[in-house]
Each structure stands twice: as structure tokens, then as C-alpha cells.
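Containing compact mmCIF, C-alpha atoms: my_file-v2.txt.
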# COMPACT_ATOMS: atom_id res chain seq x y z
CA MET A 20 0.00 0.00 0.00
CA ALA A 21 1.22 3.47 -0.83
CA TYR A 22 1.32 5.66 2.23
CA SER A 23 1.27 9.43 1.85
CA ASP A 24 4.43 11.39 2.65
CA LYS A 25 2.84 12.71 5.82
CA VAL A 26 2.05 9.22 7.08
CA ILE A 27 5.60 8.10 6.36
CA ASP A 28 6.98 11.18 8.11
CA HIS A 29 4.93 10.52 11.26
CA TYR A 30 5.77 6.83 11.09
CA ASN A 31 9.51 7.43 10.83
CA ASN A 32 9.54 10.37 13.24
CA PRO A 33 6.60 9.86 15.55
CA ARG A 34 5.97 12.92 17.73
CA ASN A 35 5.34 12.71 21.44
CA VAL A 36 5.87 9.00 21.96
CA GLY A 37 5.81 7.98 25.59
CA SER A 38 3.58 8.21 28.60
CA PHE A 39 2.74 10.19 31.72
CA PRO A 40 2.07 8.66 35.12
CA LYS A 41 -1.64 7.91 35.03
CA GLU A 42 -2.42 9.55 38.35
CA ALA A 43 -0.35 12.71 37.83
CA PRO A 44 -2.33 15.97 38.24
CA GLY A 45 -4.16 17.01 35.07
CA VAL A 46 -3.40 13.80 33.20
CA GLY A 47 -6.16 12.06 31.25
CA THR A 48 -5.59 8.65 29.70
CA GLY A 49 -7.40 7.03 26.80
CA LEU A 50 -6.84 3.40 25.92
CA VAL A 51 -8.66 2.03 22.88
CA GLY A 52 -8.33 -0.82 20.44
CA ALA A 53 -9.49 -1.93 17.02
CA PRO A 54 -10.89 -5.44 17.23
CA GLU A 55 -10.69 -5.95 13.45
CA CYS A 56 -6.92 -5.67 13.36
CA GLY A 57 -5.86 -6.02 16.99
CA ASP A 58 -4.30 -2.55 17.16
CA VAL A 59 -3.92 -0.95 20.58
CA MET A 60 -3.61 2.81 21.11
CA LYS A 61 -2.88 4.73 24.29
CA LEU A 62 -3.19 8.50 24.23
CA GLN A 63 -2.65 10.85 27.15
CA ILE A 64 -3.16 14.56 27.71
CA LYS A 65 -1.69 16.74 30.41
CA VAL A 66 -3.81 19.75 31.22
CA ASN A 67 -2.41 22.79 32.96
CA VAL A 68 -4.80 23.21 35.88
CA ASP A 69 -4.32 26.97 35.97
CA THR A 70 -4.95 27.75 32.31
CA GLY A 71 -7.19 24.79 31.44
CA LEU A 72 -5.11 24.22 28.31
CA ILE A 73 -3.55 20.97 27.18
CA GLU A 74 0.13 21.65 27.64
CA ASP A 75 1.44 18.26 26.61
CA ALA A 76 0.31 15.00 25.02
CA ARG A 77 1.80 11.54 24.63
CA PHE A 78 0.89 8.38 22.77
CA LYS A 79 1.90 4.80 22.38
CA THR A 80 0.41 2.82 19.51
CA PHE A 81 0.99 -0.76 18.54
CA GLY A 82 -0.45 -1.10 15.10
CA CYS A 83 0.02 -0.22 11.45
CA GLY A 84 1.67 2.90 10.04
CA SER A 85 -1.63 4.73 9.65
CA ALA A 86 -2.60 4.11 13.27
CA ILE A 87 0.77 5.38 14.46
CA ALA A 88 0.58 8.43 12.19
CA SER A 89 -3.01 9.19 13.24
CA SER A 90 -2.18 9.17 16.94
CA SER A 91 1.10 11.04 16.42
CA LEU A 92 -0.75 13.78 14.54
CA ALA A 93 -3.47 13.83 17.20
CA THR A 94 -0.95 14.58 19.96
CA GLU A 95 0.45 17.46 17.89
CA TRP A 96 -2.99 18.93 17.41
CA LEU A 97 -3.98 18.51 21.06
CA LYS A 98 -1.17 20.65 22.43
CA GLY A 99 -2.26 24.20 23.23
CA LYS A 100 -5.98 23.44 22.87
CA SER A 101 -8.55 23.70 25.63
CA VAL A 102 -10.39 20.53 26.58
CA ASP A 103 -13.50 21.75 24.77
CA GLU A 104 -11.58 22.63 21.63
CA ALA A 105 -9.87 19.25 21.70
CA ALA A 106 -13.25 17.54 21.73
CA LYS A 107 -13.93 19.06 18.31
CA ILE A 108 -11.13 17.15 16.58
CA LYS A 109 -12.79 14.79 14.13
CA ASN A 110 -11.46 11.69 12.47
CA THR A 111 -12.20 13.29 9.09
CA ASP A 112 -9.69 16.05 9.92
CA ILE A 113 -7.06 13.36 10.40
CA VAL A 114 -8.08 11.57 7.19
CA ASN A 115 -7.73 14.81 5.21
CA GLU A 116 -4.43 15.82 6.76
CA LEU A 117 -2.81 12.39 6.27
CA LYS A 118 -4.64 11.57 3.03
CA LEU A 119 -5.63 8.18 4.39
CA PRO A 120 -7.13 5.74 1.87
CA PRO A 121 -10.63 4.36 2.59
CA VAL A 122 -9.31 1.08 4.03
CA LYS A 123 -7.37 3.07 6.63
CA ILE A 124 -10.14 5.35 7.82
CA HIS A 125 -10.71 3.12 10.85
CA CYS A 126 -7.24 4.14 12.08
CA SER A 127 -8.38 7.76 12.27
CA VAL A 128 -11.58 6.67 14.02
CA LEU A 129 -9.41 4.90 16.56
CA ALA A 130 -7.43 8.11 17.12
CA GLU A 131 -10.64 10.11 17.62
CA ASP A 132 -11.89 7.49 20.08
CA ALA A 133 -8.59 7.72 21.95
CA ILE A 134 -8.87 11.52 22.19
CA LYS A 135 -12.44 11.26 23.49
CA ALA A 136 -11.46 8.59 26.00
CA ALA A 137 -8.54 10.70 27.26
CA LEU A 138 -10.74 13.80 27.59
CA ALA A 139 -13.43 11.81 29.41
CA ASP A 140 -10.84 10.35 31.77
CA TYR A 141 -9.46 13.84 32.43
CA ARG A 142 -12.93 15.25 33.16
CA ASP A 143 -13.69 12.29 35.35
CA LYS A 144 -10.52 12.64 37.40
CA TRP A 145 -9.87 16.37 37.43
CA GLY A 146 -12.91 18.13 36.01
CA LYS A 147 -14.72 18.28 39.33
CA LYS A 148 -11.72 19.64 41.15
CA GLU A 149 -11.30 22.26 38.45
CA ALA A 150 -14.94 23.29 38.76
CA ALA A 151 -14.62 23.43 42.53
CA ALA A 152 -11.48 25.57 42.23
CA GLY A 153 -13.26 27.84 39.77
CA ALA A 154 -16.21 28.25 42.11
CA ALA A 155 -13.90 29.00 45.02
CA ALA A 156 -11.99 31.62 43.01
CA SER A 157 -15.08 33.58 41.97
CA MET B 14 -33.45 -19.12 2.17
CA THR B 15 -33.78 -21.12 -1.02
CA ARG B 16 -34.60 -19.79 -4.42
CA SER B 17 -38.20 -18.96 -4.83
CA SER B 18 -40.12 -21.38 -7.00
CA ARG B 19 -41.04 -18.49 -9.24
CA ASP B 20 -37.46 -18.29 -10.48
CA LEU B 21 -37.37 -18.95 -14.14
CA CYS B 22 -34.69 -20.54 -16.26
CA TRP B 23 -32.68 -17.89 -18.06
CA ASN B 24 -32.77 -20.03 -21.19
CA CYS B 25 -36.20 -21.63 -21.58
CA GLN B 26 -38.18 -19.55 -19.05
CA SER B 27 -39.58 -22.62 -17.34
CA GLU B 28 -39.70 -22.79 -13.56
CA VAL B 29 -36.51 -24.08 -12.03
CA GLY B 30 -37.68 -24.22 -8.40
CA GLY B 31 -34.24 -23.77 -6.86
CA GLU B 32 -32.59 -26.47 -8.96
CA TYR B 33 -29.02 -25.93 -10.13
CA PHE B 34 -29.87 -27.29 -13.56
CA CYS B 35 -33.12 -26.48 -15.33
CA PRO B 36 -35.47 -29.49 -15.21
CA GLN B 37 -36.66 -28.68 -18.75
CA CYS B 38 -33.66 -27.70 -20.82
CA VAL B 39 -30.92 -28.94 -18.41
CA LYS B 40 -29.01 -25.63 -18.65
CA VAL B 41 -26.86 -24.65 -15.68
CA GLN B 42 -28.42 -21.90 -13.52
CA PRO B 43 -26.47 -19.02 -11.93
CA ALA B 44 -25.73 -19.87 -8.29
CA SER B 45 -25.28 -16.22 -7.34
CA VAL B 46 -29.03 -15.98 -6.81
CA TRP B 47 -28.72 -18.22 -3.79
CA SER B 48 -28.52 -15.88 -0.91
CA ASP B 49 -25.60 -17.19 1.11
CA TYR B 50 -22.74 -19.68 1.46
CA PHE B 51 -24.77 -22.00 3.66
CA ASP B 52 -27.47 -22.18 0.99
CA VAL B 53 -24.92 -22.99 -1.67
CA PHE B 54 -24.34 -26.33 0.02
CA GLY B 55 -27.92 -26.78 1.18
CA LEU B 56 -26.93 -26.32 4.82
CA PRO B 57 -28.77 -24.58 7.65
CA ARG B 58 -27.17 -21.47 9.20
CA LYS B 59 -25.53 -23.43 11.97
CA LEU B 60 -22.00 -23.24 13.27
CA GLY B 61 -21.53 -26.90 14.04
CA LEU B 62 -20.44 -28.40 10.73
CA ASP B 63 -19.38 -31.86 9.65
CA LEU B 64 -16.25 -31.02 7.68
CA GLU B 65 -16.25 -34.31 5.77
CA ASP B 66 -19.84 -33.77 4.75
CA LEU B 67 -19.01 -30.21 3.70
CA GLN B 68 -16.10 -31.45 1.63
CA ARG B 69 -18.28 -34.05 -0.08
CA ARG B 70 -20.81 -31.37 -0.97
CA PHE B 71 -18.03 -29.12 -2.21
CA TYR B 72 -16.51 -31.81 -4.44
CA ASP B 73 -19.94 -32.69 -5.73
CA TRP B 74 -20.75 -29.17 -6.85
CA SER B 75 -17.22 -28.49 -8.03
CA ARG B 76 -17.52 -31.41 -10.40
CA LYS B 77 -20.94 -30.40 -11.65
CA PHE B 78 -19.96 -26.79 -12.25
CA HIS B 79 -16.45 -27.44 -13.52
CA PRO B 80 -15.76 -25.12 -16.47
CA ASP B 81 -14.11 -28.01 -18.36
CA LEU B 82 -17.52 -29.60 -18.68
CA PHE B 83 -18.85 -26.52 -20.41
CA GLN B 84 -16.17 -26.06 -23.04
CA ARG B 85 -18.58 -26.82 -25.83
CA ALA B 86 -21.53 -25.03 -24.24
CA THR B 87 -22.75 -21.56 -25.10
CA PRO B 88 -20.86 -18.51 -23.81
CA GLU B 89 -23.67 -17.91 -21.32
CA GLU B 90 -23.32 -21.36 -19.84
CA GLN B 91 -19.54 -21.04 -19.75
CA ALA B 92 -19.80 -17.78 -17.87
CA ILE B 93 -22.33 -19.22 -15.41
CA SER B 94 -20.26 -22.32 -14.74
CA LEU B 95 -17.21 -20.18 -14.08
CA GLU B 96 -19.10 -17.94 -11.68
CA ASN B 97 -20.64 -20.90 -9.92
CA SER B 98 -17.26 -22.57 -9.53
CA ALA B 99 -15.80 -19.43 -8.01
CA LEU B 100 -18.75 -19.04 -5.65
CA VAL B 101 -18.59 -22.66 -4.52
CA ASN B 102 -14.85 -22.28 -3.87
CA THR B 103 -15.24 -19.13 -1.81
CA ALA B 104 -18.16 -20.61 0.10
CA TYR B 105 -16.17 -23.74 0.90
CA ARG B 106 -13.06 -21.85 2.01
CA THR B 107 -15.15 -19.62 4.27
CA LEU B 108 -17.22 -22.35 5.89
CA ARG B 109 -14.27 -24.72 6.31
CA ASP B 110 -12.47 -22.27 8.61
CA PRO B 111 -14.25 -22.20 11.99
CA ILE B 112 -13.33 -18.55 12.64
CA ALA B 113 -14.17 -17.31 9.14
CA ARG B 114 -17.44 -19.25 9.46
CA VAL B 115 -18.41 -17.29 12.59
CA GLU B 116 -17.35 -13.98 11.02
CA TYR B 117 -19.40 -14.78 7.94
CA LEU B 118 -22.44 -15.76 9.99
CA ILE B 119 -22.27 -12.52 11.99
CA GLY B 120 -22.12 -10.47 8.78
CA LEU B 121 -25.00 -12.47 7.34
CA GLU B 122 -27.22 -12.13 10.38
CA GLU B 123 -26.54 -8.46 10.88
CA GLY B 124 -27.14 -7.74 7.21
CA ALA B 125 -26.40 -4.35 5.80
CA VAL B 126 -26.80 -2.71 9.20
CA LYS B 127 -23.40 -3.12 10.75
CA GLY B 128 -23.53 -3.59 14.46
CA ILE B 129 -21.46 -1.47 16.78
CA PRO B 130 -18.10 -3.15 17.25
CA PRO B 131 -17.74 -4.53 20.75
CA LYS B 132 -15.87 -2.42 23.25
CA ALA B 133 -12.79 -4.38 24.16
CA PRO B 134 -12.50 -5.10 27.85
CA LEU B 135 -10.13 -2.49 29.24
CA ASP B 136 -8.10 -4.99 31.25
CA LEU B 137 -7.37 -6.97 28.09
CA LEU B 138 -6.21 -3.82 26.27
CA GLU B 139 -4.04 -2.90 29.24
CA GLU B 140 -2.52 -6.35 29.29
CA MET B 141 -1.83 -6.26 25.54
CA LEU B 142 -0.18 -2.87 25.96
CA GLU B 143 2.01 -4.21 28.75
CA VAL B 144 3.10 -7.21 26.71
CA GLN B 145 3.90 -4.95 23.75
CA GLU B 146 5.92 -2.59 25.94
CA ALA B 147 7.87 -5.50 27.43
CA LEU B 148 8.46 -6.81 23.92
CA GLU B 149 9.68 -3.41 22.78
CA ALA B 150 12.13 -3.26 25.67
CA ALA B 151 13.32 -6.79 24.91
CA LYS B 152 13.88 -5.93 21.24
CA ALA B 153 15.88 -2.84 22.18
CA SER B 154 18.37 -4.98 24.09
CA ALA B 155 20.15 -8.02 22.75
CA LEU B 156 17.88 -11.03 22.42
CA ASP B 157 19.83 -13.33 24.73
CA ALA B 158 18.79 -16.85 25.65
CA GLU B 159 17.09 -15.73 28.81
CA THR B 160 15.00 -13.07 27.05
CA ARG B 161 14.07 -15.51 24.29
CA LYS B 162 12.90 -17.97 26.89
CA ARG B 163 10.79 -15.31 28.56
CA LEU B 164 9.20 -14.25 25.28
CA MET B 165 8.48 -17.86 24.36
CA ASP B 166 6.85 -18.50 27.72
CA GLU B 167 4.78 -15.38 27.29
CA ARG B 168 3.71 -16.49 23.84
CA ALA B 169 2.75 -19.93 25.13
CA ARG B 170 0.67 -18.33 27.87
CA LEU B 171 -1.16 -16.09 25.38
CA ALA B 172 -1.67 -18.95 22.93
CA GLU B 173 -3.33 -20.85 25.78
CA ARG B 174 -5.59 -17.87 26.41
CA ARG B 175 -6.50 -17.80 22.75
CA ARG B 176 -7.37 -21.49 22.83
CA ALA B 177 -9.62 -20.79 25.80
CA GLU B 178 -11.38 -18.04 23.81
CA GLU B 179 -11.84 -20.44 20.90
CA GLU B 180 -13.39 -22.95 23.29
CA ARG B 181 -15.80 -20.28 24.47
CA LEU B 182 -16.62 -19.52 20.85
CA LEU B 183 -17.52 -23.18 20.29
CA ASP B 184 -19.78 -23.07 23.34
CA VAL B 185 -21.63 -20.02 22.04
CA GLY B 186 -21.80 -21.72 18.63
CA ARG B 187 -23.58 -24.67 20.22
CA GLU B 188 -26.05 -22.31 21.87
CA TRP B 189 -26.63 -20.71 18.49
CA ASP B 190 -27.25 -24.05 16.81
CA ALA B 191 -29.67 -25.07 19.54
CA LEU B 192 -31.53 -21.82 18.93
CA VAL B 193 -31.67 -22.44 15.17
CA ASP B 194 -32.96 -25.98 15.79
CA GLY B 195 -35.55 -24.91 18.32
CA SER B 196 -36.73 -21.71 16.69
CA ARG B 197 -38.79 -23.15 13.88
CA ALA B 198 -41.81 -23.39 16.14
CA ALA B 199 -41.31 -20.16 18.08
CA SER B 200 -39.60 -17.82 15.64
CA ARG B 201 -41.17 -14.82 17.34
CA ASP B 202 -38.51 -14.65 20.05
CA ARG B 203 -35.67 -15.57 17.78
CA ASP B 204 -34.43 -12.02 17.18
CA ASP B 205 -34.34 -11.25 20.89
CA LEU B 206 -32.40 -14.39 21.60
CA ARG B 207 -29.90 -14.33 18.77
CA ARG B 208 -28.78 -10.73 19.26
CA PRO B 209 -26.95 -11.39 22.56
CA LEU B 210 -25.39 -14.54 21.10
CA LEU B 211 -24.04 -12.62 18.11
CA ASP B 212 -22.69 -9.93 20.45
CA ARG B 213 -20.93 -12.54 22.53
CA MET B 214 -19.38 -14.06 19.41
CA LYS B 215 -18.16 -10.63 18.35
CA GLY B 216 -16.63 -10.02 21.75
CA ILE B 217 -14.77 -13.31 21.64
CA LEU B 218 -13.56 -12.67 18.09
CA ALA B 219 -12.27 -9.26 19.20
CA ALA B 220 -10.38 -10.70 22.17
CA ARG B 221 -8.99 -13.36 19.86
CA ALA B 222 -7.83 -10.69 17.39
CA TYR B 223 -5.90 -8.80 20.09
CA LEU B 224 -4.29 -12.00 21.32
CA THR B 225 -3.38 -13.03 17.76
CA THR B 226 -1.71 -9.67 17.10
CA VAL B 227 0.47 -9.95 20.19
CA ILE B 228 1.25 -13.62 19.55
CA ASN B 229 2.32 -12.79 15.99
CA ASP B 230 4.41 -9.86 17.18
CA LEU B 231 6.16 -12.15 19.66
CA SER B 232 6.79 -14.67 16.89
CA ASP B 233 8.20 -11.94 14.66
CA ALA B 234 10.53 -10.80 17.44
CA LEU B 235 11.67 -14.38 17.94
CA GLY B 236 12.40 -14.56 14.23
CA GLU B 237 9.72 -17.11 13.53
CA ASP B 238 6.96 -17.01 10.99
CA SER B 239 3.74 -15.79 12.46
CA GLN B 240 0.56 -17.61 11.64
CA THR B 241 -1.55 -15.02 10.00
CA HIS B 242 -5.24 -15.37 9.60
CA ALA B 243 -6.80 -14.24 6.35
CA SER B 244 -8.96 -11.63 8.01
CA HIS B 245 -6.26 -10.53 10.33
CA ARG B 246 -3.26 -9.07 8.64
CA ARG B 247 -1.38 -5.87 9.21
CA HIS B 248 -0.81 -3.56 6.32

Re-express the file's structure as C-alpha cells.
Amino acid sequence: MAYSDKVIDHYNNPRNVGSFPKEAPGVGTGLVGAPECGDVMKLQIKVNVDTGLIEDARFKTFGCGSAIASSSLATEWLKGKSVDEAAKIKNTDIVNELKLPPVKIHCSVLAEDAIKAALADYRDKWGKKEAAAGAAAS
Amino acid sequence: MTRSSRDLCWNCQSEVGGEYFCPQCVKVQPASVWSDYFDVFGLPRKLGLDLEDLQRRFYDWSRKFHPDLFQRATPEEQAISLENSALVNTAYRTLRDPIARVEYLIGLEEGAVKGIPPKAPLDLLEEMLEVQEALEAAKASALDAETRKRLMDERARLAERRRAEEERLLDVGREWDALVDGSRAASRDRDDLRRPLLDRMKGILAARAYLTTVINDLSDALGEDSQTHASHRRH
């Protein structure tokens, strides 16, 4: 299969590979998989509790080149966004950016799922504290 | 589902009533009108299958549809025999493989409306991630005898898990078959009962896919050929 230059670039030089401690302040973790191909993707965000912005993101993907590129790109896009902005990232954005062929669209869906799971985990763990802090400050 | 008796022979327009060869003009009929692979061999949609019986049926139809037999027939008949041969081959290959058989049945039962893929159990995903990370670390260092041993033990453990999943799949398959056998009288509840069975099959197939990926990755790292499954290949 012919991968686009962008996929190959992300595959050869994946950005933000690694992980944060799961329980560290502001960290949200998403772990998802694709049952059709057995791929596993872990994506984490680290939110700055003061600004509410995602200051860092990490991923670890065991799967094909498109899955690695999709999650690598996702971490790049996540940085600097607010949690609400991050929730607007769609798999179609990833498909367009990486020029994924139809058979690889599920890789971008996996990346979107991973983002959503990480955001949900963040809200679950830290959202309430943030809201409480906000209420206390006002 | 068998062909409706209203089906007419493409050649002489007489009723063929689901026969593979027209009772009037003896022309071969296109098998593609049969709705599924089980029908092709006249089998019910059950997962328990006698492989010898299946093979006999396959050989039987292969012989009858063999394009060599139609060399002197009309172009229409030649084309039909070729198509039928291909269909019979694909149907046989699919039904012969117990995993492909389940996958095919799920697709058949769910029809055009694709079900939501099962959410993988999180602990399984976490375990797969851990194994992959350990494998990555092992690959980064020299693959000494001790590491090889550890990877092989790990692979054996996961292969055992996969066998257990396949056993569970057989169990669900037996439940399915019992439902098919018993549902002729009370078909009203059939949909309610088969849905959870199909979902369980999908869940087991998903777990099996994750295990297969990791097992193959371990085999690759050990420099051995991985056993790839047709529907499960990385690109």
C-alpha cells in the first residue's frame, strides 16, 4: 500500500511517543483498540490546571503505520488546545491531513476514540476539582 | 433461504424451483441468486459443521460446475459455470475455517446494518499494551537466551488464552445451533435471543484478534513465521 508522505513522516519520526504517570495531576488517559486488526492505542493529555489548556500529550500505539501516524498527529494537534476545543477534533480532519485511503479510515476513528477517551478520563478525574477551584476563586 | 419457485430458467423460461440445472432444458443456472454460502451447500445457518460432509458437498458441486464440462456449451453457460465454480470455492473456504465461518455468519445475520463493534474489555487492552511494551524493551536490548525464553513462555501463555477463547466460541456456537434448531416453532422470540449470542461471538472474536496480534508480534521478534489469519493481517 502506498502511504502518503505525511504518514511516512509521522511513522519514521513519531511525535510525542511515551507516557505520563496515570495519576499525575491534570493527566487524562485514553486506551482504545481496534478489534478488526488487533491494534492498541494509548493517548494521554496533560492539562495545565491553571490555564485549562492541554500543555502536553503523549501516545503509544501498537499497530500499522496509519494508526501510528493518526495518533502522532493527534498529539500534535492537542497541544495548546482547551479541553472543549480538543473535543472538536474529528477523524475526518485526520483523514484529510494524512490523506488516508478508505481502508485506513478506521485508524483515524481509533485516534478520535482515543482523544475522546482521554478527555473523558481527564474530566472524570480532574474536572470536578477544576470546577470546585473555579467556584472557590469567583 | 432457497430460491423462490417463481425463479425462471434464463434459457427456456420454465420454472426451475431452486434447482441448479433447469429441469426442462438442463441448462446450468447461476448460483449467485442463492442468498448465502450455507445455501450454496444446502446447509442450515448453523456453526456446528461436519467437515467431511461439507467437503463431499463441495466436491460434488465443483464437479458439476467445472468449467471443463462446459467447453462446448454456449458462452452464457460457460460464464455461469465459471461464476458458480468461483462461488462454490469461496463458500467452501469460508465455511471450512471455523473462525471465518463465525465472522461470515455474523455479517450475514446483521445484514447491511453493521452492528457497533464490541468495546474491548479495558483490562485486556491494558494487558496487551504491557506485553507490547515489554516486547519493545526486549527488542531494544540483545535477544539473549534468557530473554528468548521469557518471550516464548509469554507467547505460550497467550496462545493458551486464545485457545480458551476459541473454546468459548464453540460453546456459544452450540447455543446458536440449539436456537436455530428450536426456533422453527417459536420464531417470534428468535431475534431477541440471537442478538446477545451474536454480540458474545463478536466479543470473543475481538479478544482473539488482540491476542493473535500480540502472539504474531512475539513470533516476529523471535524470528519465527507468524501464523496469519486471512482476516487478520497488518498492512

Find the residues of chain B that sit at most 6 Å from chain A; for each, write down the nearest two atoms and how far apart they are in Å, to one decimal. Count all atoms listed in the file. Sort by chain, then by number going up, and give it as JSON lines.
{"residue": "B:Ala219", "atom": "CA", "partner": "A:Pro54", "partner_atom": "CA", "distance": 4.5}
{"residue": "B:Ala222", "atom": "CA", "partner": "A:Gly57", "partner_atom": "CA", "distance": 5.1}
{"residue": "B:Tyr223", "atom": "CA", "partner": "A:Gly57", "partner_atom": "CA", "distance": 4.2}
{"residue": "B:Thr226", "atom": "CA", "partner": "A:Gly57", "partner_atom": "CA", "distance": 5.5}
{"residue": "B:His245", "atom": "CA", "partner": "A:Cys56", "partner_atom": "CA", "distance": 5.8}

Can you pull out every residue within 12 Å of Leu21 in chain B, counting all atoms listed in the file, but drop anything in the same chain fewer than 5 positions away, and send it as a ChimeraX atom specification? /B:16,26-38,40,42-43,46

Identify, on the basis of all atoms listed in the file, every residue whose closest approach to range 152-156 of chain B does not exceed 12 Å; exclude the query and any residue fewer than 6 positions from it along the same chain; express the result as a compact mmCIF listing (two decimals) with C-alpha atoms, keeping the file's coordinate frame.
# COMPACT_ATOMS: atom_id res chain seq x y z
CA GLN B 145 3.90 -4.95 23.75
CA GLU B 146 5.92 -2.59 25.94
CA LYS B 162 12.90 -17.97 26.89
CA ARG B 163 10.79 -15.31 28.56
CA LEU B 164 9.20 -14.25 25.28
CA MET B 165 8.48 -17.86 24.36
CA ASP B 230 4.41 -9.86 17.18
CA LEU B 231 6.16 -12.15 19.66
CA ASP B 233 8.20 -11.94 14.66
CA ALA B 234 10.53 -10.80 17.44
CA LEU B 235 11.67 -14.38 17.94
CA GLY B 236 12.40 -14.56 14.23

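Taking CA of Asn102 in chain B and CA of Tyr117 in chain B as the two end points, the separation is 14.7 Å.
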
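Take CA of Arg168 in chain B and CA of Ser232 in chain B: the distance between them is 7.8 Å.
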
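Take CA of Ala43 in chain A and CA of Lys144 in chain A: the distance between them is 10.2 Å.
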
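Counting all atoms listed in the file, Ile217 in chain B has the following residues at most 7 Å away, ignoring those fewer than 4 positions along the same chain: Glu178, Leu182, Arg213 and Arg221 of chain B.
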
Which is closest to Ser91 in chain A among A:Thr48, A:Thr111, A:Ser127, A:Ser23, if we use all atoms listed in the file? A:Ser127

I'd like the contact shell of Trp96 in chain A - 12 Å cut-off, all atoms listed in the file, skipping same-chain residues fewer than 4 positions apart - returned as an MDAnalysis selection string. chainID A and resid 34:35 64 73:77 89:92 100:102 104:109 112:113 116 130:131 134

Draw an axis-aligned box tight on the listed atoms of range 143-161 of chain B, then pad every side by 4 Å and write out centre and edge lengths in Å to one decimal as AutoDock Vina command-line options.
--center_x 11.1 --center_y -9.7 --center_z 25.0 --size_x 26.1 --size_y 22.3 --size_z 15.6

May I have the protein, DNA and RNA residues with any atom at most 10 Å from the point (3.0, 13.5, 6.2), counting all atoms listed in the file, written as an MDAnalysis selection string? chainID A and resid 22:30 88 92 116:118

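Proximity to Leu60 in chain B was assessed for B:Glu149, B:Asp204, B:Asp166, B:Asp190 counting all atoms listed in the file; the smallest distance is recorded for B:Asp190.
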
Could you name the residues that touch Leu67 in chain B at 9 Å or less, counting all atoms listed in the file, but leaving out those on the same chain fewer than 6 positions away, as a PyMOL selection string? chain B and resi 54+56+105+108-109

Any chance you can output those residues with C-alpha atoms as a CSV table (one decimal), in the frame of the given file?
chain,number,residue,atom,x,y,z
B,54,PHE,CA,-24.3,-26.3,0.0
B,56,LEU,CA,-26.9,-26.3,4.8
B,105,TYR,CA,-16.2,-23.7,0.9
B,108,LEU,CA,-17.2,-22.4,5.9
B,109,ARG,CA,-14.3,-24.7,6.3

Any chance you could build range 41-61 of chain A out to N, CA and C atoms and write it as a PDB file, in the coordinates of the input?
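selection.pdb was written with the following content:
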ATOM      1  N   LYS A  41      -0.186   7.813  35.170  1.00  0.00           N
ATOM      2  CA  LYS A  41      -1.640   7.910  35.030  1.00  0.00           C
ATOM      3  C   LYS A  41      -2.307   8.814  36.066  1.00  0.00           C
ATOM      4  N   GLU A  42      -1.742   8.821  37.262  1.00  0.00           N
ATOM      5  CA  GLU A  42      -2.420   9.550  38.350  1.00  0.00           C
ATOM      6  C   GLU A  42      -1.855  10.956  38.547  1.00  0.00           C
ATOM      7  N   ALA A  43      -0.931  11.370  37.672  1.00  0.00           N
ATOM      8  CA  ALA A  43      -0.350  12.710  37.830  1.00  0.00           C
ATOM      9  C   ALA A  43      -1.432  13.766  37.637  1.00  0.00           C
ATOM     10  N   PRO A  44      -1.301  14.928  38.337  1.00  0.00           N
ATOM     11  CA  PRO A  44      -2.330  15.970  38.240  1.00  0.00           C
ATOM     12  C   PRO A  44      -2.554  16.421  36.804  1.00  0.00           C
ATOM     13  N   GLY A  45      -3.814  16.505  36.399  1.00  0.00           N
ATOM     14  CA  GLY A  45      -4.160  17.010  35.070  1.00  0.00           C
ATOM     15  C   GLY A  45      -4.009  16.008  33.942  1.00  0.00           C
ATOM     16  N   VAL A  46      -3.622  14.788  34.256  1.00  0.00           N
ATOM     17  CA  VAL A  46      -3.400  13.800  33.200  1.00  0.00           C
ATOM     18  C   VAL A  46      -4.680  12.990  32.944  1.00  0.00           C
ATOM     19  N   GLY A  47      -5.033  12.899  31.666  1.00  0.00           N
ATOM     20  CA  GLY A  47      -6.160  12.060  31.250  1.00  0.00           C
ATOM     21  C   GLY A  47      -5.654  10.992  30.299  1.00  0.00           C
ATOM     22  N   THR A  48      -6.091   9.760  30.498  1.00  0.00           N
ATOM     23  CA  THR A  48      -5.590   8.650  29.700  1.00  0.00           C
ATOM     24  C   THR A  48      -6.711   7.987  28.906  1.00  0.00           C
ATOM     25  N   GLY A  49      -6.452   7.767  27.629  1.00  0.00           N
ATOM     26  CA  GLY A  49      -7.400   7.030  26.800  1.00  0.00           C
ATOM     27  C   GLY A  49      -6.741   5.782  26.248  1.00  0.00           C
ATOM     28  N   LEU A  50      -7.393   4.649  26.445  1.00  0.00           N
ATOM     29  CA  LEU A  50      -6.840   3.400  25.920  1.00  0.00           C
ATOM     30  C   LEU A  50      -7.929   2.756  25.074  1.00  0.00           C
ATOM     31  N   VAL A  51      -7.648   2.605  23.782  1.00  0.00           N
ATOM     32  CA  VAL A  51      -8.660   2.030  22.880  1.00  0.00           C
ATOM     33  C   VAL A  51      -8.007   1.000  21.969  1.00  0.00           C
ATOM     34  N   GLY A  52      -8.847   0.204  21.343  1.00  0.00           N
ATOM     35  CA  GLY A  52      -8.330  -0.820  20.440  1.00  0.00           C
ATOM     36  C   GLY A  52      -9.253  -1.025  19.264  1.00  0.00           C
ATOM     37  N   ALA A  53      -8.698  -1.596  18.209  1.00  0.00           N
ATOM     38  CA  ALA A  53      -9.490  -1.930  17.020  1.00  0.00           C
ATOM     39  C   ALA A  53      -9.596  -3.445  16.926  1.00  0.00           C
ATOM     40  N   PRO A  54     -10.776  -3.987  17.226  1.00  0.00           N
ATOM     41  CA  PRO A  54     -10.890  -5.440  17.230  1.00  0.00           C
ATOM     42  C   PRO A  54     -10.627  -6.078  15.866  1.00  0.00           C
ATOM     43  N   GLU A  55     -10.873  -5.348  14.772  1.00  0.00           N
ATOM     44  CA  GLU A  55     -10.690  -5.950  13.450  1.00  0.00           C
ATOM     45  C   GLU A  55      -9.221  -6.295  13.206  1.00  0.00           C
ATOM     46  N   CYS A  56      -8.314  -5.428  13.686  1.00  0.00           N
ATOM     47  CA  CYS A  56      -6.920  -5.670  13.360  1.00  0.00           C
ATOM     48  C   CYS A  56      -6.046  -5.874  14.599  1.00  0.00           C
ATOM     49  N   GLY A  57      -6.636  -5.765  15.791  1.00  0.00           N
ATOM     50  CA  GLY A  57      -5.860  -6.020  16.990  1.00  0.00           C
ATOM     51  C   GLY A  57      -4.948  -4.883  17.413  1.00  0.00           C
ATOM     52  N   ASP A  58      -5.120  -3.706  16.791  1.00  0.00           N
ATOM     53  CA  ASP A  58      -4.300  -2.550  17.160  1.00  0.00           C
ATOM     54  C   ASP A  58      -4.681  -2.040  18.552  1.00  0.00           C
ATOM     55  N   VAL A  59      -3.674  -1.544  19.268  1.00  0.00           N
ATOM     56  CA  VAL A  59      -3.920  -0.950  20.580  1.00  0.00           C
ATOM     57  C   VAL A  59      -3.295   0.439  20.594  1.00  0.00           C
ATOM     58  N   MET A  60      -4.057   1.416  21.105  1.00  0.00           N
ATOM     59  CA  MET A  60      -3.610   2.810  21.110  1.00  0.00           C
ATOM     60  C   MET A  60      -3.821   3.429  22.480  1.00  0.00           C
ATOM     61  N   LYS A  61      -2.739   4.005  23.025  1.00  0.00           N
ATOM     62  CA  LYS A  61      -2.880   4.730  24.290  1.00  0.00           C
ATOM     63  C   LYS A  61      -2.534   6.188  24.043  1.00  0.00           C
TER      64      LYS A  61
END
